[in-house]
file coords34.tsv (TSV, C-alpha atoms)
chain	number	residue	atom	x	y	z
A	521	MET	CA	0.00	0.00	0.00
A	522	GLU	CA	2.88	2.39	0.82
A	523	ARG	CA	4.27	1.92	-2.69
A	524	TYR	CA	1.02	3.09	-4.18
A	525	SER	CA	0.79	6.21	-1.98
A	526	GLY	CA	4.37	7.13	-2.96
A	527	ALA	CA	3.53	6.72	-6.63
A	528	LEU	CA	0.38	8.79	-6.16
A	529	GLU	CA	2.39	11.60	-4.48
A	530	GLU	CA	4.88	11.56	-7.36
A	531	ALA	CA	2.04	11.78	-9.88
A	532	VAL	CA	0.47	14.70	-7.96
A	533	ASP	CA	3.88	16.44	-7.74
A	534	GLY	CA	4.39	15.89	-11.47
A	535	ALA	CA	0.97	17.36	-12.21
A	536	ARG	CA	1.74	20.36	-9.97
A	537	GLN	CA	5.07	20.89	-11.74
A	538	GLN	CA	3.34	20.65	-15.12
A	539	GLU	CA	0.68	23.17	-14.03
A	540	ARG	CA	3.35	25.49	-12.65
A	541	HIS	CA	5.32	25.20	-15.91
A	542	TYR	CA	2.19	26.06	-17.88
A	543	GLN	CA	1.49	29.09	-15.65
A	544	LEU	CA	5.04	30.41	-16.02
A	545	LEU	CA	5.02	29.79	-19.77
A	546	SER	CA	1.67	31.56	-20.12
A	547	ALA	CA	2.93	34.53	-18.07
A	548	LEU	CA	6.12	34.70	-20.17
A	549	GLN	CA	4.12	34.64	-23.40
A	550	GLY	CA	2.03	37.53	-22.10
A	551	LEU	CA	5.11	39.54	-21.12
A	552	VAL	CA	6.83	38.90	-24.46
A	553	LYS	CA	3.99	40.73	-26.20
A	554	GLU	CA	5.20	43.92	-24.47
A	555	LEU	CA	8.63	43.63	-26.14
A	556	PRO	CA	9.49	45.15	-29.53
A	557	SER	CA	8.41	42.84	-32.36
A	558	SER	CA	12.03	42.23	-33.44
A	559	PHE	CA	12.68	40.53	-30.09
A	560	GLN	CA	9.32	38.76	-29.98
A	561	GLN	CA	10.32	36.94	-33.16
A	562	ARG	CA	13.60	35.77	-31.59
A	563	LEU	CA	11.89	34.28	-28.52
A	564	SER	CA	10.48	31.01	-29.78
A	565	TYR	CA	7.98	28.84	-27.91
A	566	THR	CA	10.82	26.42	-27.16
A	567	THR	CA	13.01	29.16	-25.67
A	568	LEU	CA	10.16	30.40	-23.49
A	569	SER	CA	9.27	26.85	-22.44
A	570	ASP	CA	12.92	26.17	-21.52
A	571	LEU	CA	13.01	29.43	-19.58
A	572	ALA	CA	9.82	28.50	-17.72
A	573	LEU	CA	11.38	25.11	-16.84
A	574	ALA	CA	14.49	26.83	-15.49
A	575	LEU	CA	12.28	29.07	-13.33
A	576	LEU	CA	10.23	26.24	-11.82
A	577	ASP	CA	12.06	25.76	-8.53
A	578	GLY	CA	12.69	29.46	-7.86
A	579	THR	CA	16.47	29.17	-7.80
A	580	VAL	CA	16.90	31.30	-10.92
A	581	PHE	CA	14.89	34.12	-9.31
A	582	GLU	CA	17.34	34.05	-6.38
A	583	ILE	CA	20.34	33.93	-8.72
A	584	VAL	CA	19.05	36.90	-10.73
A	585	GLN	CA	18.40	38.89	-7.56
A	586	GLY	CA	21.91	38.07	-6.28
A	587	LEU	CA	23.46	39.11	-9.61
A	588	LEU	CA	21.45	42.32	-9.54
A	589	ASP	CA	22.63	43.09	-6.00
A	590	ILE	CA	26.26	42.44	-6.98
A	591	GLN	CA	25.86	44.63	-10.06
A	592	HIS	CA	24.45	47.51	-8.01
A	593	LEU	CA	27.31	47.26	-5.50
A	594	THR	CA	29.86	47.18	-8.32
A	595	GLU	CA	28.29	50.16	-10.07
A	596	LYS	CA	28.18	52.12	-6.81
A	597	SER	CA	31.83	51.31	-6.09
A	598	LEU	CA	32.94	52.32	-9.59
A	599	TYR	CA	30.86	55.51	-9.40
A	600	ASN	CA	32.47	56.39	-6.06
A	601	GLN	CA	35.96	55.74	-7.47
A	602	ARG	CA	35.23	58.09	-10.36
A	603	LEU	CA	33.85	60.74	-7.97
A	604	ARG	CA	36.99	60.48	-5.84
A	605	LEU	CA	39.15	60.99	-8.92
A	606	GLN	CA	37.06	64.00	-9.99
A	607	ASN	CA	37.38	65.49	-6.49
A	608	GLU	CA	41.15	64.95	-6.54
A	609	HIS	CA	41.27	66.76	-9.88
A	610	ARG	CA	39.11	69.61	-8.56
A	611	VAL	CA	41.45	70.00	-5.56
A	612	LEU	CA	44.49	69.87	-7.86
A	613	ARG	CA	43.06	72.61	-10.10
A	614	GLN	CA	42.22	74.81	-7.09
A	615	ALA	CA	45.70	74.36	-5.64
A	616	LEU	CA	47.27	75.20	-8.99
A	617	ARG	CA	45.10	78.35	-9.38
A	618	GLN	CA	46.02	79.42	-5.85
A	619	LYS	CA	49.72	78.81	-6.52
A	620	HIS	CA	49.54	80.78	-9.77
A	621	GLN	CA	47.71	83.72	-8.15
A	622	GLU	CA	50.25	83.90	-5.33
A	623	ALA	CA	53.16	83.77	-7.80
A	624	GLN	CA	51.61	86.52	-9.93
A	625	GLN	CA	51.06	88.72	-6.89
A	626	ALA	CA	54.70	88.28	-5.84
A	627	CYS	CA	56.01	88.79	-9.37
A	628	ARG	CA	57.47	92.01	-10.65
A	629	PRO	CA	55.45	93.56	-13.49
A	630	HIS	CA	58.19	93.22	-16.11
A	631	ASN	CA	58.47	89.43	-15.40
A	632	LEU	CA	54.70	88.85	-15.47
A	633	PRO	CA	54.43	87.81	-19.18
A	634	VAL	CA	57.17	85.18	-18.75
A	635	LEU	CA	55.53	83.87	-15.56
A	636	GLN	CA	52.10	83.73	-17.18
A	637	ALA	CA	53.48	81.77	-20.17
A	638	ALA	CA	55.14	79.27	-17.83
A	639	GLN	CA	51.95	78.97	-15.80
A	640	GLN	CA	49.92	78.39	-18.98
A	641	ARG	CA	52.26	75.52	-19.97
A	642	GLU	CA	51.96	74.07	-16.45
A	643	LEU	CA	48.15	74.38	-16.59
A	644	GLU	CA	48.02	72.65	-19.99
A	645	ALA	CA	50.24	69.83	-18.70
A	646	VAL	CA	48.01	69.34	-15.65
A	647	GLU	CA	44.85	69.41	-17.78
A	648	HIS	CA	46.41	66.81	-20.11
A	649	ARG	CA	47.26	64.60	-17.12
A	650	ILE	CA	43.71	64.99	-15.78
A	651	ARG	CA	42.20	64.00	-19.15
A	652	GLU	CA	44.47	60.94	-19.32
A	653	GLU	CA	43.59	59.87	-15.78
A	654	GLN	CA	39.88	60.29	-16.49
A	655	ARG	CA	40.19	58.32	-19.74
A	656	ALA	CA	42.06	55.54	-17.92
A	657	MET	CA	39.42	55.49	-15.17
A	658	ASP	CA	36.60	55.32	-17.73
A	659	GLN	CA	38.36	52.44	-19.53
A	660	LYS	CA	38.78	50.63	-16.21
A	661	ILE	CA	35.08	51.09	-15.47
A	662	VAL	CA	34.03	49.78	-18.90
A	663	LEU	CA	36.32	46.75	-18.56
A	664	GLU	CA	35.02	46.01	-15.07
A	665	LEU	CA	31.40	46.26	-16.23
A	666	ASP	CA	32.18	44.03	-19.23
A	667	ARG	CA	33.69	41.46	-16.83
A	668	LYS	CA	30.55	41.63	-14.68
A	669	VAL	CA	28.35	41.03	-17.73
A	670	ALA	CA	30.44	37.99	-18.72
A	671	ASP	CA	30.25	36.67	-15.13
A	672	GLN	CA	26.48	37.11	-15.13
A	673	GLN	CA	26.14	35.39	-18.50
A	674	SER	CA	28.29	32.50	-17.35
A	675	THR	CA	26.38	32.12	-14.06
A	676	LEU	CA	23.01	32.08	-15.82
A	677	GLU	CA	24.29	29.68	-18.46
A	678	LYS	CA	25.54	27.30	-15.74
A	679	ALA	CA	22.15	27.60	-14.02
A	680	GLY	CA	20.53	26.35	-17.24
A	681	VAL	CA	18.70	29.55	-18.13
A	682	ALA	CA	17.68	29.47	-21.80
A	683	GLY	CA	19.31	32.11	-24.01
A	684	PHE	CA	22.33	32.79	-21.78
A	685	TYR	CA	25.93	32.26	-22.78
A	686	VAL	CA	28.99	34.48	-22.78
A	687	THR	CA	28.85	36.86	-25.74
A	688	THR	CA	29.71	40.42	-26.68
A	689	ASN	CA	27.34	40.52	-29.68
A	690	PRO	CA	25.15	43.61	-29.12
A	691	GLN	CA	22.00	41.92	-30.48
A	692	GLU	CA	22.49	38.88	-28.24
A	693	LEU	CA	23.20	41.13	-25.25
A	694	THR	CA	19.95	43.01	-25.88
A	695	LEU	CA	18.07	39.72	-26.14
A	696	GLN	CA	19.61	38.56	-22.84
A	697	MET	CA	18.67	41.89	-21.23
A	698	ASN	CA	15.09	41.35	-22.41
A	699	LEU	CA	15.11	37.82	-20.95
A	700	LEU	CA	16.35	39.21	-17.63
A	701	GLU	CA	13.61	41.82	-17.73
A	702	LEU	CA	11.03	39.06	-18.25
A	703	ILE	CA	12.43	37.16	-15.24
A	704	ARG	CA	12.38	40.33	-13.14
A	705	LYS	CA	8.77	41.10	-14.10
A	706	LEU	CA	7.74	37.55	-13.21
A	707	GLN	CA	9.53	37.96	-9.90
A	708	GLN	CA	7.74	41.25	-9.22
A	709	ARG	CA	4.41	39.63	-10.01
A	710	GLY	CA	5.13	37.01	-7.38
A	711	CYS	CA	5.63	34.05	-9.70
A	712	GLN	CA	8.10	32.31	-7.42
A	713	VAL	CA	7.67	28.84	-6.06
A	714	GLY	CA	4.43	28.27	-4.24
A	715	LYS	CA	2.80	31.47	-5.45
A	716	VAL	CA	0.08	30.73	-7.94
A	717	ALA	CA	-1.21	34.22	-8.71
A	718	LEU	CA	0.32	35.50	-11.92

call {"tool": "encode", "arguments": {"input": "coords34.tsv", "output": "structure tokens"}}
result
Amino acid sequence: MERYSGALEEAVDGARQQERHYQLLSALQGLVKELPSSFQQRLSYTTLSDLALALLDGTVFEIVQGLLDIQHLTEKSLYNQRLRLQNEHRVLRQALRQKHQEAQQACRPHNLPVLQAAQQRELEAVEHRIREEQRAMDQKIVLELDRKVADQQSTLEKAGVAGFYVTTNPQELTLQMNLLELIRKLQQRGCQVGKVAL
């Protein structure tokens, strides 16, 4: 008798999983209609069904939320680094202006043109250095964000989420961003495990 009750529970669990899959798939199909038609065409029934399967146990929702949290922390850190650099540059410019004003006030009038020319060269050199440091910082930020995207793609691919793999192709990246948006919208609607209302 115990064997039969175990088989019955498995059948009920299987039916629940199938119903849950259908609900997620139906919700995804509804959300896809909100996307631009060019992306709707790229999201086949099979891709959406595979995505719904990956979402069944709720793990992918947790992974996406974790990746989003990490991304926000990374962006905040990079933003703060750039702000610090801009503040250092602001302080450097102020100190240079102050130094130049003091030198001009102490300078004899007949030496003023020579001093001003030297100060102009110094100012141009500092401005060049500032531009180079800002460019290097911006490149560092872009590289760090690109690494984060590749990490996210790899994590979602390993989690079995349909449509995710490491790529730099802009069209594929946009498609992946749309898939993430679909997952986020499902999450916001409360489509996680055990929640039936879509």

call {"tool": "closest_residue", "arguments": {"input": "coords34.tsv", "among": "A:Ile590, A:Val686, A:Leu632, A:Leu605", "to": "A:Asp666", "atoms": "only C-alpha atoms"}}
result
A:Val686

call {"tool": "atom_distance", "arguments": {"input": "coords34.tsv", "atom1": "atom CA of A:Leu576", "atom2": "atom CA of A:Gly683"}}
result
16.3 Å

call {"tool": "residues_around", "arguments": {"input": "coords34.tsv", "residues": "A:Arg667", "least_positions_apart": "5", "cutoff": "12 Å", "atoms": "only C-alpha atoms", "output": "tab-separated table (two decimals) with C-alpha atoms, in the coordinates of the input"}}
result
chain	number	residue	atom	x	y	z
A	591	GLN	CA	25.86	44.63	-10.06
A	594	THR	CA	29.86	47.18	-8.32
A	660	LYS	CA	38.78	50.63	-16.21
A	661	ILE	CA	35.08	51.09	-15.47
A	662	VAL	CA	34.03	49.78	-18.90
A	672	GLN	CA	26.48	37.11	-15.13
A	673	GLN	CA	26.14	35.39	-18.50
A	674	SER	CA	28.29	32.50	-17.35
A	686	VAL	CA	28.99	34.48	-22.78
A	687	THR	CA	28.85	36.86	-25.74
A	688	THR	CA	29.71	40.42	-26.68

call {"tool": "residues_around", "arguments": {"input": "coords34.tsv", "residues": "stretch 534-551 of chain A", "least_positions_apart": "6", "cutoff": "7 Å", "atoms": "all atoms listed in the file", "output": "mmCIF file with C-alpha atoms, keeping the file's coordinate frame"}}
result
data_model
loop_
_atom_site.group_PDB
_atom_site.id
_atom_site.type_symbol
_atom_site.label_atom_id
_atom_site.label_comp_id
_atom_site.auth_asym_id
_atom_site.auth_seq_id
_atom_site.Cartn_x
_atom_site.Cartn_y
_atom_site.Cartn_z
ATOM 1 C CA LEU A 568 10.160 30.400 -23.490
ATOM 2 C CA SER A 569 9.270 26.850 -22.440
ATOM 3 C CA ALA A 572 9.820 28.500 -17.720
ATOM 4 C CA LEU A 573 11.380 25.110 -16.840
ATOM 5 C CA LEU A 576 10.230 26.240 -11.820
ATOM 6 C CA LEU A 702 11.030 39.060 -18.250
ATOM 7 C CA LEU A 718 0.320 35.500 -11.920
#

call {"tool": "closest_residue", "arguments": {"input": "coords34.tsv", "among": "A:Gln707, A:Thr694, A:Asn631, A:Gln654", "to": "A:Arg604", "atoms": "only C-alpha atoms"}}
result
A:Gln654

call {"tool": "closest_residue", "arguments": {"input": "coords34.tsv", "among": "A:Arg651, A:Glu677, A:Glu642, A:Ala682", "to": "A:Thr566", "atoms": "only C-alpha atoms"}}
result
A:Ala682

call {"tool": "atom_distance", "arguments": {"input": "coords34.tsv", "atom1": "atom CA of A:Thr579", "atom2": "atom CA of A:Ser558"}}
result
29.1 Å

call {"tool": "closest_residue", "arguments": {"input": "coords34.tsv", "among": "A:Pro633, A:Asp533, A:Gln561, A:Val584", "to": "A:Leu706", "atoms": "all atoms listed in the file"}}
result
A:Val584

call {"tool": "closest_residue", "arguments": {"input": "coords34.tsv", "among": "A:Leu555, A:Val681, A:Leu593, A:Ala623", "to": "A:Lys668", "atoms": "only C-alpha atoms"}}
result
A:Leu593

call {"tool": "closest_residue", "arguments": {"input": "coords34.tsv", "among": "A:Ser597, A:Gln636, A:Gln614, A:Thr567", "to": "A:Leu665", "atoms": "all atoms listed in the file"}}
result
A:Ser597

call {"tool": "axis_aligned_box", "arguments": {"input": "coords34.tsv", "around": "stretch 565-582 of chain A", "padding_each_side": "4 Å", "output": "AutoDock Vina command-line options"}}
result
--center_x 12.7 --center_y 29.6 --center_z -17.1 --size_x 17.4 --size_y 17.0 --size_z 29.5
